[in-house]
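Shown next, in structure tokens, is the structure this report addresses.
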Amino acid sequence: RSKATLTVEHKGSNGPSTIMFLPRPSASALAFLAVAPFLLATSVQAADGDGGGGGMPDGMPDGMDFSNMPGFGDKPCPNFRCTSGYSPVQKTRAKFVSKGCSKMGGGMMMMGAGSGNERYAPCCDIWHACYQTCGASKKSCDEGFKSCSEQMCAGDDDCKKSADINSMMLNMGGCQLYDQGQYGSCECAKSSKVEEKRSAAIRSFYKKFAPDNIDKADALAKKADSVGKMAALFRKLTAKYPDSIRIEMDDEMKMYEKMMKDAKMDKETNDGKEQEEQEEEEAADDSDATTVNMDDEF
């Protein structure tokens, strides 16, 4: 199927940002299509210092209120839950995978001139890992990205504008990506086995990424005696040990990079041909001028 793209130009930026809508978007992504022009206008106004804030922008058509959709606006996504007598715990062999800043909007993909090399790229990786941390709320992960990117982009307006677009995508992304992360990272353990499971998860992490700290696992498991505390611990661990987050490029980004590379090669080829043709024309003109001068001598 074909893919629709929307390009956003920022005044004074190094290049445009492109939002690509992929096949079979989530329900919230479809809703975003309807409100995109209003959201983008608000974003540009805010970036230019003309006001604008959070929530739905002024001028939203009547009847277009998606605030009650989970993951869209202020409606929270539900946390992972277990049946009575069981509690959610981080899986022992936890895997944290980041697909970069371009994959932070559910059914949407944002790419720009420096895609993959964003100054705030570590914040995107931590955000992906947060979604894959059992018990972390979507809101806390999203707010963590905003705080992180603000620090990383301090003094860089172009960086801040790009990060603001990513933040806008978080509000439009729905719960799908968050739910996938939680279901992939959580398991339900009997209440009597929870501390043991937590200790095993911490020990497994330290064994792979900080073996000198493996003896701390049992004590940390006792302190992290709730789902929220355990999630906060693992968020600190992934931020402290960034090697624990595996960076991957998804198929859509690979396709986009190939398209951009091919387009660049085609442009260079065409430019080369035009240069050759121009040089041939100049050489022909020089030859005609020489002939005329020789005739004049006679």
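Each chain of the structure tokens is named A, B, ... in the order shown, its residues numbered from 1; ligands are numbered from 1 in display order.
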Env of stretch 128-140 of chain A: 7 Å cut, atoms = only C-alpha atoms, seq-sep filter 4 positions within chain, self excluded. Answer as a CSV table (one decimal) with all heavy atoms, in the first residue's frame.
```csv
chain,number,residue,atom,x,y,z
A,77,CYS,N,-3.5,5.6,29.7
A,77,CYS,CA,-3.6,4.2,29.3
A,77,CYS,C,-3.6,3.4,30.5
A,77,CYS,O,-2.9,3.6,31.5
A,77,CYS,CB,-2.3,3.9,28.4
A,77,CYS,SG,-2.2,4.8,26.9
A,79,ASN,N,-2.8,0.5,33.2
A,79,ASN,CA,-1.6,-0.2,33.5
A,79,ASN,C,-1.8,-1.7,33.4
A,79,ASN,O,-2.9,-2.2,33.4
A,79,ASN,CB,-1.1,0.1,35.0
A,79,ASN,CG,-0.7,1.5,35.1
A,79,ASN,OD1,-0.2,2.2,34.2
A,79,ASN,ND2,-0.7,2.1,36.3
A,80,PHE,N,-0.7,-2.5,33.3
A,80,PHE,CA,-0.8,-3.9,33.2
A,80,PHE,C,-1.3,-4.4,34.6
A,80,PHE,O,-0.8,-4.0,35.6
A,80,PHE,CB,0.6,-4.5,32.9
A,80,PHE,CG,0.6,-6.0,32.7
A,80,PHE,CD1,0.5,-6.6,31.5
A,80,PHE,CD2,0.8,-6.8,33.8
A,80,PHE,CE1,0.6,-7.9,31.3
A,80,PHE,CE2,0.8,-8.2,33.7
A,80,PHE,CZ,0.7,-8.8,32.4
A,89,VAL,N,5.4,-8.3,37.6
A,89,VAL,CA,6.8,-8.2,37.9
A,89,VAL,C,7.6,-8.1,36.5
A,89,VAL,O,7.1,-8.7,35.5
A,89,VAL,CB,7.4,-9.3,38.8
A,89,VAL,CG1,6.8,-9.3,40.1
A,89,VAL,CG2,7.1,-10.7,38.1
A,90,GLN,N,8.7,-7.5,36.6
A,90,GLN,CA,9.6,-7.5,35.4
A,90,GLN,C,10.1,-8.9,35.0
A,90,GLN,O,10.5,-9.6,35.9
A,90,GLN,CB,10.8,-6.5,35.6
A,90,GLN,CG,11.6,-6.3,34.4
A,90,GLN,CD,11.0,-5.2,33.5
A,90,GLN,OE1,10.4,-4.3,33.9
A,90,GLN,NE2,11.3,-5.4,32.2
A,96,PHE,N,15.3,-4.6,26.4
A,96,PHE,CA,14.9,-3.2,26.1
A,96,PHE,C,15.5,-2.8,24.7
A,96,PHE,O,16.6,-2.9,24.4
A,96,PHE,CB,15.5,-2.3,27.1
A,96,PHE,CG,15.1,-2.6,28.5
A,96,PHE,CD1,16.0,-3.3,29.4
A,96,PHE,CD2,13.9,-2.2,29.0
A,96,PHE,CE1,15.6,-3.6,30.7
A,96,PHE,CE2,13.5,-2.6,30.3
A,96,PHE,CZ,14.4,-3.3,31.1
A,97,VAL,N,14.5,-2.5,23.8
A,97,VAL,CA,14.9,-2.2,22.4
A,97,VAL,C,14.3,-0.8,22.1
A,97,VAL,O,13.2,-0.5,22.3
A,97,VAL,CB,14.2,-3.3,21.5
A,97,VAL,CG1,14.6,-2.9,20.0
A,97,VAL,CG2,14.7,-4.6,21.8
A,98,SER,N,15.2,0.0,21.4
A,98,SER,CA,14.8,1.3,20.9
A,98,SER,C,14.8,1.3,19.4
A,98,SER,O,15.8,0.9,18.8
A,98,SER,CB,15.7,2.4,21.5
A,98,SER,OG,15.4,3.6,20.9
A,124,CYS,N,15.2,9.5,23.5
A,124,CYS,CA,14.2,8.6,22.8
A,124,CYS,C,14.5,7.2,23.2
A,124,CYS,O,13.5,6.4,23.3
A,124,CYS,CB,14.4,8.8,21.3
A,124,CYS,SG,14.2,10.5,20.6
A,144,GLY,N,9.0,12.0,31.2
A,144,GLY,CA,10.5,11.8,31.3
A,144,GLY,C,11.2,12.2,30.0
A,144,GLY,O,12.3,12.8,30.1
A,178,TYR,N,2.6,1.4,23.9
A,178,TYR,CA,2.7,1.2,25.4
A,178,TYR,C,2.3,-0.1,25.8
A,178,TYR,O,2.9,-0.8,26.6
A,178,TYR,CB,2.0,2.3,26.1
A,178,TYR,CG,1.9,2.1,27.6
A,178,TYR,CD1,3.0,2.4,28.4
A,178,TYR,CD2,0.8,1.7,28.2
A,178,TYR,CE1,3.0,2.2,29.8
A,178,TYR,CE2,0.7,1.5,29.6
A,178,TYR,CZ,1.8,1.8,30.4
A,178,TYR,OH,1.7,1.6,31.8
A,181,GLY,N,4.7,-2.8,24.9
A,181,GLY,CA,5.8,-2.9,25.8
A,181,GLY,C,5.5,-3.5,27.1
A,181,GLY,O,6.3,-4.3,27.6
A,182,GLN,N,4.4,-3.2,27.7
A,182,GLN,CA,4.0,-3.7,29.0
A,182,GLN,C,3.8,-5.2,28.9
A,182,GLN,O,4.2,-6.0,29.8
A,182,GLN,CB,2.8,-3.0,29.5
A,182,GLN,CG,3.1,-1.6,29.9
A,182,GLN,CD,4.1,-1.4,31.0
A,182,GLN,OE1,3.8,-1.8,32.2
A,182,GLN,NE2,5.2,-0.9,30.7
A,185,SER,N,7.0,-7.1,28.7
A,185,SER,CA,8.0,-7.0,29.8
A,185,SER,C,7.4,-7.5,31.1
A,185,SER,O,8.2,-7.9,32.0
A,185,SER,CB,8.4,-5.5,30.0
A,185,SER,OG,7.3,-4.7,30.4
A,186,CYS,N,6.1,-7.6,31.3
A,186,CYS,CA,5.5,-8.0,32.5
A,186,CYS,C,5.1,-9.5,32.5
A,186,CYS,O,4.8,-10.1,31.5
A,186,CYS,CB,4.3,-7.2,32.8
A,186,CYS,SG,4.5,-5.5,33.1
A,227,VAL,N,5.0,-2.3,42.7
A,227,VAL,CA,5.2,-2.3,41.3
A,227,VAL,C,5.8,-0.9,40.8
A,227,VAL,O,6.7,-0.9,40.0
A,227,VAL,CB,3.8,-2.5,40.6
A,227,VAL,CG1,4.0,-2.3,39.1
A,227,VAL,CG2,3.3,-3.8,40.9
A,228,GLY,N,5.4,0.2,41.5
A,228,GLY,CA,5.9,1.5,41.1
A,228,GLY,C,7.3,1.7,41.4
A,228,GLY,O,8.1,2.2,40.7
A,231,ALA,N,9.5,-0.3,39.0
A,231,ALA,CA,9.5,0.3,37.7
A,231,ALA,C,10.5,1.5,37.8
A,231,ALA,O,11.3,1.7,36.9
A,231,ALA,CB,8.2,0.8,37.3
A,234,PHE,N,14.1,0.2,37.7
A,234,PHE,CA,14.6,-0.2,36.3
A,234,PHE,C,14.7,1.0,35.4
A,234,PHE,O,15.6,1.0,34.5
A,234,PHE,CB,13.6,-1.3,35.8
A,234,PHE,CG,14.1,-2.7,35.9
A,234,PHE,CD1,13.8,-3.4,37.1
A,234,PHE,CD2,14.9,-3.3,35.0
A,234,PHE,CE1,14.3,-4.7,37.3
A,234,PHE,CE2,15.4,-4.5,35.1
A,234,PHE,CZ,15.1,-5.2,36.3
A,235,ARG,N,14.0,2.0,35.6
A,235,ARG,CA,14.1,3.2,34.7
A,235,ARG,C,15.5,3.8,35.0
A,235,ARG,O,16.2,4.3,34.1
A,235,ARG,CB,13.0,4.2,35.0
A,235,ARG,CG,11.6,3.8,34.4
A,235,ARG,CD,10.6,4.8,34.7
A,235,ARG,NE,10.9,6.1,34.0
A,235,ARG,CZ,10.2,7.2,34.1
A,235,ARG,NH1,9.2,7.2,34.9
A,235,ARG,NH2,10.6,8.3,33.4
A,245,ILE,N,20.1,-1.0,26.4
A,245,ILE,CA,19.1,-0.7,25.4
A,245,ILE,C,19.6,-1.0,24.0
A,245,ILE,O,20.6,-0.3,23.6
A,245,ILE,CB,18.6,0.8,25.5
A,245,ILE,CG1,18.2,1.1,26.9
A,245,ILE,CG2,17.4,1.0,24.5
A,245,ILE,CD1,17.9,2.6,27.1
```
For this session: May I have the residues within 10 Å of stretch 203-216 of chain A as a list in words, using only C-alpha atoms and disregarding those fewer than 2 positions away in the same chain?
Result: Lys91, Thr92, Arg93, Ala94, Lys95, Lys197, Arg198, Ser199, Ala200, Ala201, Asp218, Ala219, Leu220, Ala221, Phe234, Leu237, Thr238, Tyr241, Pro242, Asp243 and Ser244 of chain A
Produce a file of the selected residues containing C-alpha atoms, as a PDB file, in the first residue's frame.
```pdb
ATOM      1  CA  LYS A  91      10.469 -10.524  33.358  1.00  0.00           C
ATOM      2  CA  THR A  92      13.766 -12.058  34.433  1.00  0.00           C
ATOM      3  CA  ARG A  93      15.410 -11.801  31.023  1.00  0.00           C
ATOM      4  CA  ALA A  94      14.282  -8.274  30.275  1.00  0.00           C
ATOM      5  CA  LYS A  95      14.996  -6.916  26.797  1.00  0.00           C
ATOM      6  CA  LYS A 197      11.035 -12.689  41.083  1.00  0.00           C
ATOM      7  CA  ARG A 198      12.101  -9.070  41.527  1.00  0.00           C
ATOM      8  CA  SER A 199      15.472 -10.123  42.877  1.00  0.00           C
ATOM      9  CA  ALA A 200      15.966 -12.485  39.939  1.00  0.00           C
ATOM     10  CA  ALA A 201      15.151  -9.718  37.431  1.00  0.00           C
ATOM     11  CA  ASP A 218      18.437  -8.986  47.054  1.00  0.00           C
ATOM     12  CA  ALA A 219      18.638  -5.749  49.043  1.00  0.00           C
ATOM     13  CA  LEU A 220      17.260  -3.704  46.148  1.00  0.00           C
ATOM     14  CA  ALA A 221      14.396  -6.161  45.703  1.00  0.00           C
ATOM     15  CA  PHE A 234      14.580  -0.217  36.341  1.00  0.00           C
ATOM     16  CA  LEU A 237      19.126   1.291  35.661  1.00  0.00           C
ATOM     17  CA  THR A 238      18.440   1.679  31.928  1.00  0.00           C
ATOM     18  CA  TYR A 241      23.567   1.731  31.748  1.00  0.00           C
ATOM     19  CA  PRO A 242      22.554   2.788  28.196  1.00  0.00           C
ATOM     20  CA  ASP A 243      24.185  -0.335  26.733  1.00  0.00           C
ATOM     21  CA  SER A 244      21.220  -2.237  28.148  1.00  0.00           C
TER      22      SER A 244
END
```
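Of the listed residues A:Gly174, A:Pro78, A:Pro88, A:Gly155, the one whose atoms come nearest to A:Met230 is A:Pro88, with distances taken using only C-alpha atoms.
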Give me the residues within 6 Å of A:Gly105 as a short mmCIF file (atom, residue, chain, number, x, y, z; two decimals) with N, CA, C and O atoms, in the first residue's frame, counting only C-alpha atoms and dropping any in the same chain fewer than 2 places off.
```cif
data_model
loop_
_atom_site.label_atom_id
_atom_site.label_comp_id
_atom_site.auth_asym_id
_atom_site.auth_seq_id
_atom_site.Cartn_x
_atom_site.Cartn_y
_atom_site.Cartn_z
N LYS A 103 10.18 6.62 15.75
CA LYS A 103 9.10 5.67 16.06
C LYS A 103 8.55 5.93 17.45
O LYS A 103 8.59 5.09 18.34
N MET A 108 2.43 6.38 13.47
CA MET A 108 3.06 7.43 12.68
C MET A 108 4.57 7.37 12.84
O MET A 108 5.08 6.98 13.87
N MET A 169 3.73 14.03 19.07
CA MET A 169 3.39 12.69 18.61
C MET A 169 3.06 11.76 19.78
O MET A 169 2.21 10.87 19.66
N LEU A 170 3.71 11.97 20.93
CA LEU A 170 3.43 11.14 22.10
C LEU A 170 1.98 11.28 22.53
O LEU A 170 1.34 10.30 22.93
N GLY A 173 -0.23 9.29 20.00
CA GLY A 173 0.13 7.92 19.66
C GLY A 173 -0.79 6.83 20.16
O GLY A 173 -0.66 5.67 19.76
#
```
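In this model, the gap between atom CA of A:Gln151 and atom CA of A:Met249 comes to 25.1 Å.
Shortest separation to A:Asp164 among A:Val194, A:Cys101, A:Ala239, A:Cys141 occurs at residue A:Cys101, atoms counted being only C-alpha atoms.
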Exercise. So how many Å separate atom CA of A:Gln180 and atom CA of A:Gly100, to one decimal?
Worked result: 16.3 Å
Exercise. Looking only at the backbone, which of the residues in stretch 52-235 of chain A does DSSP tag as helix (DSSP H, G or I), as a PyMOL selection string?
Worked result: chain A and resi 121-131+138-152+157-172+176-185+191-209+211-223+227-235
